[in-house]
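Undergrad: PDB, C-alpha atoms, pLDDT in the B column, saved as data_10.pdb, coming up:
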ATOM      1  CA  MET A 150     -17.722  14.466   8.603  1.00 87.00           C
ATOM      2  CA  VAL A 151     -15.549  15.615  11.492  1.00 89.00           C
ATOM      3  CA  ASP A 152     -15.163  19.399  11.693  1.00 86.00           C
ATOM      4  CA  VAL A 153     -11.465  20.227  11.261  1.00 89.00           C
ATOM      5  CA  SER A 154     -11.971  23.937  10.547  1.00 86.00           C
ATOM      6  CA  GLY A 155     -10.438  24.975  13.881  1.00 84.00           C
ATOM      7  CA  LYS A 156      -7.384  22.732  13.609  1.00 88.00           C
ATOM      8  CA  PRO A 157      -3.996  24.093  12.579  1.00 87.00           C
ATOM      9  CA  VAL A 158      -2.385  23.085   9.301  1.00 90.00           C
ATOM     10  CA  THR A 159       0.653  20.904  10.000  1.00 91.00           C
ATOM     11  CA  VAL A 160       2.825  18.438   8.124  1.00 94.00           C
ATOM     12  CA  ARG A 161       1.226  15.016   8.468  1.00 94.00           C
ATOM     13  CA  SER A 162       2.715  11.692   7.507  1.00 96.00           C
ATOM     14  CA  ALA A 163       1.646   8.094   7.826  1.00 97.00           C
ATOM     15  CA  ARG A 164       3.098   4.688   7.018  1.00 97.00           C
ATOM     16  CA  ALA A 165       1.123   1.496   6.622  1.00 97.00           C
ATOM     17  CA  ARG A 166       1.952  -2.081   5.749  1.00 97.00           C
ATOM     18  CA  GLY A 167       0.319  -5.255   4.589  1.00 98.00           C
ATOM     19  CA  THR A 168       1.228  -8.630   3.162  1.00 98.00           C
ATOM     20  CA  ILE A 169       0.045 -10.845   0.351  1.00 98.00           C
ATOM     21  CA  TYR A 170       0.966 -14.514   0.740  1.00 98.00           C
ATOM     22  CA  LEU A 171       1.509 -16.445  -2.493  1.00 97.00           C
ATOM     23  CA  GLN A 172       2.511 -19.866  -3.675  1.00 96.00           C
ATOM     24  CA  GLN A 173       6.288 -20.109  -4.132  1.00 93.00           C
ATOM     25  CA  ALA A 174       5.914 -20.650  -7.874  1.00 91.00           C
ATOM     26  CA  THR A 175       3.852 -17.478  -8.134  1.00 91.00           C
ATOM     27  CA  LEU A 176       6.374 -15.425  -6.179  1.00 92.00           C
ATOM     28  CA  ASP A 177       9.196 -16.813  -8.316  1.00 89.00           C
ATOM     29  CA  ALA A 178       7.327 -15.976 -11.506  1.00 87.00           C
ATOM     30  CA  ILE A 179       6.565 -12.358 -10.600  1.00 88.00           C
ATOM     31  CA  THR A 180      10.023 -11.599  -9.210  1.00 86.00           C
ATOM     32  CA  ASP A 181      12.212 -13.382 -11.767  1.00 69.00           C
ATOM     33  CA  PRO A 182      10.276 -14.130 -14.937  1.00 54.00           C
ATOM     34  CA  CYS A 183      12.113 -15.832 -17.764  1.00 54.00           C
ATOM     35  CA  PRO A 184      13.092 -13.361 -20.497  1.00 52.00           C
ATOM     36  CA  GLY A 185      10.705 -13.398 -23.420  1.00 51.00           C
ATOM     37  CA  THR A 186       7.943 -15.273 -21.601  1.00 51.00           C
ATOM     38  CA  ASP A 187       4.693 -14.038 -20.170  1.00 53.00           C
ATOM     39  CA  PHE A 188       4.020 -15.747 -16.841  1.00 54.00           C
ATOM     40  CA  LEU A 189       0.281 -15.172 -17.159  1.00 53.00           C
ATOM     41  CA  GLY A 190       0.024 -16.268 -20.780  1.00 45.00           C
ATOM     42  CA  ASP A 191      -1.623 -14.208 -23.497  1.00 43.00           C
ATOM     43  CA  ARG A 192      -3.868 -12.463 -20.971  1.00 44.00           C
ATOM     44  CA  GLY A 193      -0.995 -11.083 -18.902  1.00 62.00           C
ATOM     45  CA  LYS A 194      -1.387  -7.546 -17.597  1.00 69.00           C
ATOM     46  CA  GLY A 195       2.301  -6.643 -17.466  1.00 79.00           C
ATOM     47  CA  ASP A 196       4.716  -5.909 -14.618  1.00 88.00           C
ATOM     48  CA  VAL A 197       2.947  -6.898 -11.389  1.00 92.00           C
ATOM     49  CA  PHE A 198       5.043  -4.666  -9.120  1.00 94.00           C
ATOM     50  CA  ALA A 199       4.792  -1.609 -11.384  1.00 93.00           C
ATOM     51  CA  ALA A 200       1.020  -1.965 -11.616  1.00 94.00           C
ATOM     52  CA  ALA A 201       0.701  -2.405  -7.831  1.00 96.00           C
ATOM     53  CA  ARG A 202       2.806   0.704  -7.157  1.00 97.00           C
ATOM     54  CA  ILE A 203       0.752   2.873  -9.498  1.00 97.00           C
ATOM     55  CA  ALA A 204      -2.534   1.472  -8.160  1.00 98.00           C
ATOM     56  CA  GLY A 205      -1.469   2.191  -4.566  1.00 98.00           C
ATOM     57  CA  ILE A 206      -0.511   5.770  -5.393  1.00 98.00           C
ATOM     58  CA  MET A 207      -3.750   6.356  -7.288  1.00 98.00           C
ATOM     59  CA  ALA A 208      -5.788   4.893  -4.411  1.00 97.00           C
ATOM     60  CA  ALA A 209      -4.102   7.150  -1.842  1.00 97.00           C
ATOM     61  CA  LYS A 210      -4.938  10.177  -3.980  1.00 97.00           C
ATOM     62  CA  ARG A 211      -8.623   9.134  -4.212  1.00 96.00           C
ATOM     63  CA  CYS A 212      -9.127   7.890  -0.663  1.00 96.00           C
ATOM     64  CA  ASP A 213     -11.903  10.406   0.011  1.00 94.00           C
ATOM     65  CA  GLU A 214     -13.919   8.863  -2.851  1.00 95.00           C
ATOM     66  CA  LEU A 215     -13.589   5.364  -1.378  1.00 94.00           C
ATOM     67  CA  ILE A 216     -14.046   5.885   2.379  1.00 93.00           C
ATOM     68  CA  PRO A 217     -17.270   7.603   3.476  1.00 94.00           C
ATOM     69  CA  LEU A 218     -16.748  10.898   5.343  1.00 93.00           C
ATOM     70  CA  CYS A 219     -12.982  10.868   4.735  1.00 92.00           C
ATOM     71  CA  HIS A 220     -11.539  14.352   4.183  1.00 93.00           C
ATOM     72  CA  SER A 221     -10.013  15.210   0.823  1.00 91.00           C
ATOM     73  CA  LEU A 222      -6.269  15.792   1.185  1.00 94.00           C
ATOM     74  CA  ALA A 223      -3.798  17.325  -1.236  1.00 94.00           C
ATOM     75  CA  LEU A 224      -1.068  14.720  -0.947  1.00 96.00           C
ATOM     76  CA  GLU A 225       2.491  15.913  -1.450  1.00 97.00           C
ATOM     77  CA  HIS A 226       4.313  12.577  -1.411  1.00 97.00           C
ATOM     78  CA  VAL A 227       3.280   8.936  -1.786  1.00 98.00           C
ATOM     79  CA  VAL A 228       5.677   5.980  -1.891  1.00 98.00           C
ATOM     80  CA  ILE A 229       4.762   2.321  -2.305  1.00 98.00           C
ATOM     81  CA  ASP A 230       7.495  -0.198  -1.494  1.00 97.00           C
ATOM     82  CA  LEU A 231       7.089  -3.864  -2.466  1.00 97.00           C
ATOM     83  CA  GLN A 232       9.486  -6.424  -1.013  1.00 96.00           C
ATOM     84  CA  PRO A 233       9.329 -10.091  -2.036  1.00 95.00           C
ATOM     85  CA  ARG A 234      10.139 -12.417   0.865  1.00 95.00           C
ATOM     86  CA  CYS A 235      10.550 -16.165   1.243  1.00 92.00           C
ATOM     87  CA  ASP A 236       9.586 -18.563   4.029  1.00 92.00           C
ATOM     88  CA  PRO A 237       6.694 -18.123   3.727  1.00 96.00           C
ATOM     89  CA  PRO A 238       6.502 -16.791   0.159  1.00 96.00           C
ATOM     90  CA  ARG A 239       4.947 -13.336   0.219  1.00 97.00           C
ATOM     91  CA  VAL A 240       5.192  -9.721  -0.827  1.00 97.00           C
ATOM     92  CA  GLU A 241       5.396  -7.151   1.966  1.00 97.00           C
ATOM     93  CA  ILE A 242       3.819  -3.864   0.972  1.00 98.00           C
ATOM     94  CA  CYS A 243       4.634  -0.575   2.683  1.00 97.00           C
ATOM     95  CA  SER A 244       3.231   2.855   1.934  1.00 98.00           C
ATOM     96  CA  GLU A 245       4.281   6.296   3.058  1.00 97.00           C
ATOM     97  CA  VAL A 246       2.067   9.341   2.603  1.00 98.00           C
ATOM     98  CA  THR A 247       2.870  12.975   3.418  1.00 97.00           C
ATOM     99  CA  CYS A 248       0.744  16.114   3.233  1.00 96.00           C
ATOM    100  CA  THR A 249       0.331  19.520   4.846  1.00 94.00           C
ATOM    101  CA  ALA A 250      -3.208  19.566   6.187  1.00 92.00           C
ATOM    102  CA  LYS A 251      -5.596  19.867   9.132  1.00 89.00           C
ATOM    103  CA  THR A 252      -6.144  16.115   9.405  1.00 88.00           C
ATOM    104  CA  GLY A 253      -3.948  13.044   9.181  1.00 85.00           C
ATOM    105  CA  ALA A 254      -3.037  10.792   6.279  1.00 95.00           C
ATOM    106  CA  GLU A 255      -3.550   7.417   7.979  1.00 95.00           C
ATOM    107  CA  MET A 256      -6.469   6.378   5.792  1.00 95.00           C
ATOM    108  CA  GLU A 257      -4.581   7.289   2.627  1.00 97.00           C
ATOM    109  CA  ALA A 258      -1.630   5.126   3.672  1.00 98.00           C
ATOM    110  CA  LEU A 259      -3.905   2.205   4.583  1.00 98.00           C
ATOM    111  CA  VAL A 260      -5.923   2.460   1.364  1.00 98.00           C
ATOM    112  CA  ALA A 261      -2.694   2.591  -0.664  1.00 98.00           C
ATOM    113  CA  VAL A 262      -1.474  -0.694   0.842  1.00 98.00           C
ATOM    114  CA  SER A 263      -4.892  -2.321   0.442  1.00 98.00           C
ATOM    115  CA  VAL A 264      -5.250  -1.442  -3.221  1.00 98.00           C
ATOM    116  CA  ALA A 265      -1.637  -2.384  -4.014  1.00 98.00           C
ATOM    117  CA  ALA A 266      -2.298  -5.813  -2.458  1.00 98.00           C
ATOM    118  CA  LEU A 267      -5.589  -6.173  -4.346  1.00 98.00           C
ATOM    119  CA  THR A 268      -3.793  -5.309  -7.582  1.00 97.00           C
ATOM    120  CA  ILE A 269      -1.232  -8.040  -7.012  1.00 96.00           C
ATOM    121  CA  TYR A 270      -4.071 -10.465  -6.274  1.00 97.00           C
ATOM    122  CA  ASP A 271      -5.881  -9.437  -9.445  1.00 95.00           C
ATOM    123  CA  MET A 272      -2.780  -9.976 -11.536  1.00 93.00           C
ATOM    124  CA  VAL A 273      -1.949 -13.446 -10.153  1.00 93.00           C
ATOM    125  CA  LYS A 274      -5.422 -14.860  -9.478  1.00 93.00           C
ATOM    126  CA  ALA A 275      -5.444 -16.841 -12.719  1.00 90.00           C
ATOM    127  CA  VAL A 276      -2.575 -18.995 -11.423  1.00 90.00           C
ATOM    128  CA  ASP A 277      -2.836 -18.546  -7.628  1.00 94.00           C
ATOM    129  CA  LYS A 278      -6.379 -18.393  -6.313  1.00 93.00           C
ATOM    130  CA  ALA A 279      -5.048 -19.308  -2.852  1.00 95.00           C
ATOM    131  CA  ALA A 280      -3.258 -15.934  -2.436  1.00 97.00           C
ATOM    132  CA  VAL A 281      -4.121 -14.281   0.896  1.00 98.00           C
ATOM    133  CA  ILE A 282      -4.030 -10.585   1.758  1.00 98.00           C
ATOM    134  CA  SER A 283      -3.272 -10.074   5.435  1.00 97.00           C
ATOM    135  CA  ASP A 284      -2.019  -7.856   8.250  1.00 96.00           C
ATOM    136  CA  ILE A 285      -2.924  -4.427   6.864  1.00 98.00           C
ATOM    137  CA  GLN A 286      -2.101  -1.957   9.621  1.00 97.00           C
ATOM    138  CA  LEU A 287      -0.895   1.513  10.479  1.00 96.00           C
ATOM    139  CA  VAL A 288       2.813   1.406  11.250  1.00 96.00           C
ATOM    140  CA  GLU A 289       3.592   5.021  12.045  1.00 95.00           C
ATOM    141  CA  LYS A 290       2.005   8.469  11.945  1.00 95.00           C
ATOM    142  CA  SER A 291       3.166  11.927  12.832  1.00 92.00           C
ATOM    143  CA  GLY A 292       1.737  15.424  12.995  1.00 89.00           C
ATOM    144  CA  GLY A 293      -1.378  16.879  14.489  1.00 82.00           C
ATOM    145  CA  LYS A 294      -2.765  17.070  18.009  1.00 81.00           C
ATOM    146  CA  SER A 295      -2.288  13.388  18.837  1.00 83.00           C
ATOM    147  CA  GLY A 296       1.399  13.571  17.874  1.00 85.00           C
ATOM    148  CA  HIS A 297       3.578  10.647  16.953  1.00 90.00           C
ATOM    149  CA  PHE A 298       2.593   6.968  16.923  1.00 91.00           C
ATOM    150  CA  SER A 299       4.885   4.086  16.015  1.00 92.00           C
ATOM    151  CA  ARG A 300       4.464   0.326  16.265  1.00 88.00           C
ATOM    152  CA  GLU A 301       7.327  -1.384  18.034  1.00 73.00           C
ATOM    153  CA  GLU A 302       8.190  -3.615  15.071  1.00 69.00           C
ATOM    154  CA  ASN A 303       8.146  -1.051  12.281  1.00 60.00           C
ATOM    155  CA  VAL A 304       9.169  -3.127   9.247  1.00 63.00           C
ATOM    156  CA  CYS A 305       8.539  -0.158   6.965  1.00 68.00           C
ATOM    157  CA  LYS A 306      11.172   1.995   8.637  1.00 55.00           C
ATOM    158  CA  GLU A 307      14.034   2.880   6.359  1.00 51.00           C
ATOM    159  CA  GLU A 308      17.253   1.133   7.277  1.00 41.00           C
TER
END
Step by step, read the file and then write its structure as structure tokens.

TA:
Amino acid sequence: MVDVSGKPVTVRSARARGTIYLQQATLDAITDPCPGTDFLGDRGKGDVFAAARIAGIMAAKRCDELIPLCHSLALEHVVIDLQPRCDPPRVEICSEVTCTAKTGAEMEALVAVSVAALTIYDMVKAVDKAAVISDIQLVEKSGGKSGHFSREENVCKEE
């Protein structure tokens, strides 16, 4: 594990993004289900987006248990944003993580997006085995010695 004992405590934040590509019928079903019907039949697990948000937040909070040698951080803020998009049919997933610590929150943001995407996959796999998780990447980070980093096309930036 990297020694961070000599580093100053600063506010750290990170944003990450990823995408899960779905069949159009799957995207339609999870974004606009017919009232009174269960898109996944009797074995449905509930609201796909709500489950993905909670899973992403929980994953960010437990990142140190998933990634070897990752520091444990007391996260102060985690947001998971899920945006359905067409052409091609997909859900864009963005996470934002903030903490006050001696090391950054990049891994927490990336793990949050990854687990949110995996949760969506898990919930639709019965009807869409062709779903593809793709493009998981750090979008922006701030704080610490290395300072600010931002990708040019930051689709997670608030507008």

Undergrad: The PyMOL selection byres ((chain A and resi 200-214) around 10) on the file shown: which residues, as JSON, numbers by chain?

TA: {"A": [194, 195, 196, 197, 198, 199, 215, 216, 217, 218, 219, 220, 221, 222, 223, 224, 225, 226, 227, 228, 229, 230, 231, 242, 243, 244, 245, 246, 254, 255, 256, 257, 258, 259, 260, 261, 262, 263, 264, 265, 266, 267, 268, 269, 270, 271, 272]}

Undergrad: What is the distance, in Å and to one decimal place, between atom CA of Val276 of chain A and atom CA of Asp236 of chain A?

TA: 19.7 Å

Undergrad: Calculate how many Å separate atom CA of Lys278 of chain A from atom CA of Asp177 of chain A, rounding to one decimal.

TA: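 If I compute the distance from atom CA of Lys278 of chain A to atom CA of Asp177 of chain A, I get 15.8 Å.
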
Undergrad: Got a sec to resolve the PyMOL selection byres ((chain A and resi 280) around 12) on this structure and send the residues as a ChimeraX atom specification?

TA: /A:168-176,237-240,266-279,281-283

Undergrad: With the file shown as input, list the residues that the PyMOL selection byres ((chain A and resi 152) around 10) selects, as a CSV table (one decimal) with C-alpha atoms, in the frame of the given file.

TA:
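So selection_24.csv came out as:
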chain,number,residue,atom,x,y,z
A,150,MET,CA,-17.7,14.5,8.6
A,151,VAL,CA,-15.5,15.6,11.5
A,153,VAL,CA,-11.5,20.2,11.3
A,154,SER,CA,-12.0,23.9,10.5
A,155,GLY,CA,-10.4,25.0,13.9
A,156,LYS,CA,-7.4,22.7,13.6
A,220,HIS,CA,-11.5,14.4,4.2
A,251,LYS,CA,-5.6,19.9,9.1
A,252,THR,CA,-6.1,16.1,9.4

Undergrad: For segment 294-298 of chain A, what centre and edge lengths in Å (one decimal) does the axis-aligned box get once 6 Å is added on each side of all its listed atoms, as lines of an AutoDock Vina configuration file?

TA:
center_x = 0.4
center_y = 12.0
center_z = 17.9
size_x = 18.3
size_y = 22.1
size_z = 13.9

Undergrad: If I take atom CA of Arg166 of chain A and atom CA of Ile179 of chain A, how far is one from the other in Å, to one decimal?

TA: 19.9 Å

Undergrad: Of the candidates A:Gly167, A:Gly253, A:Pro233, A:Gly296, which shows the shortest atom-to-atom distance to Asp284 of chain A, using all atoms listed in the file?

TA: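 Smallest separation from Asp284 of chain A among the options: A:Gly167.
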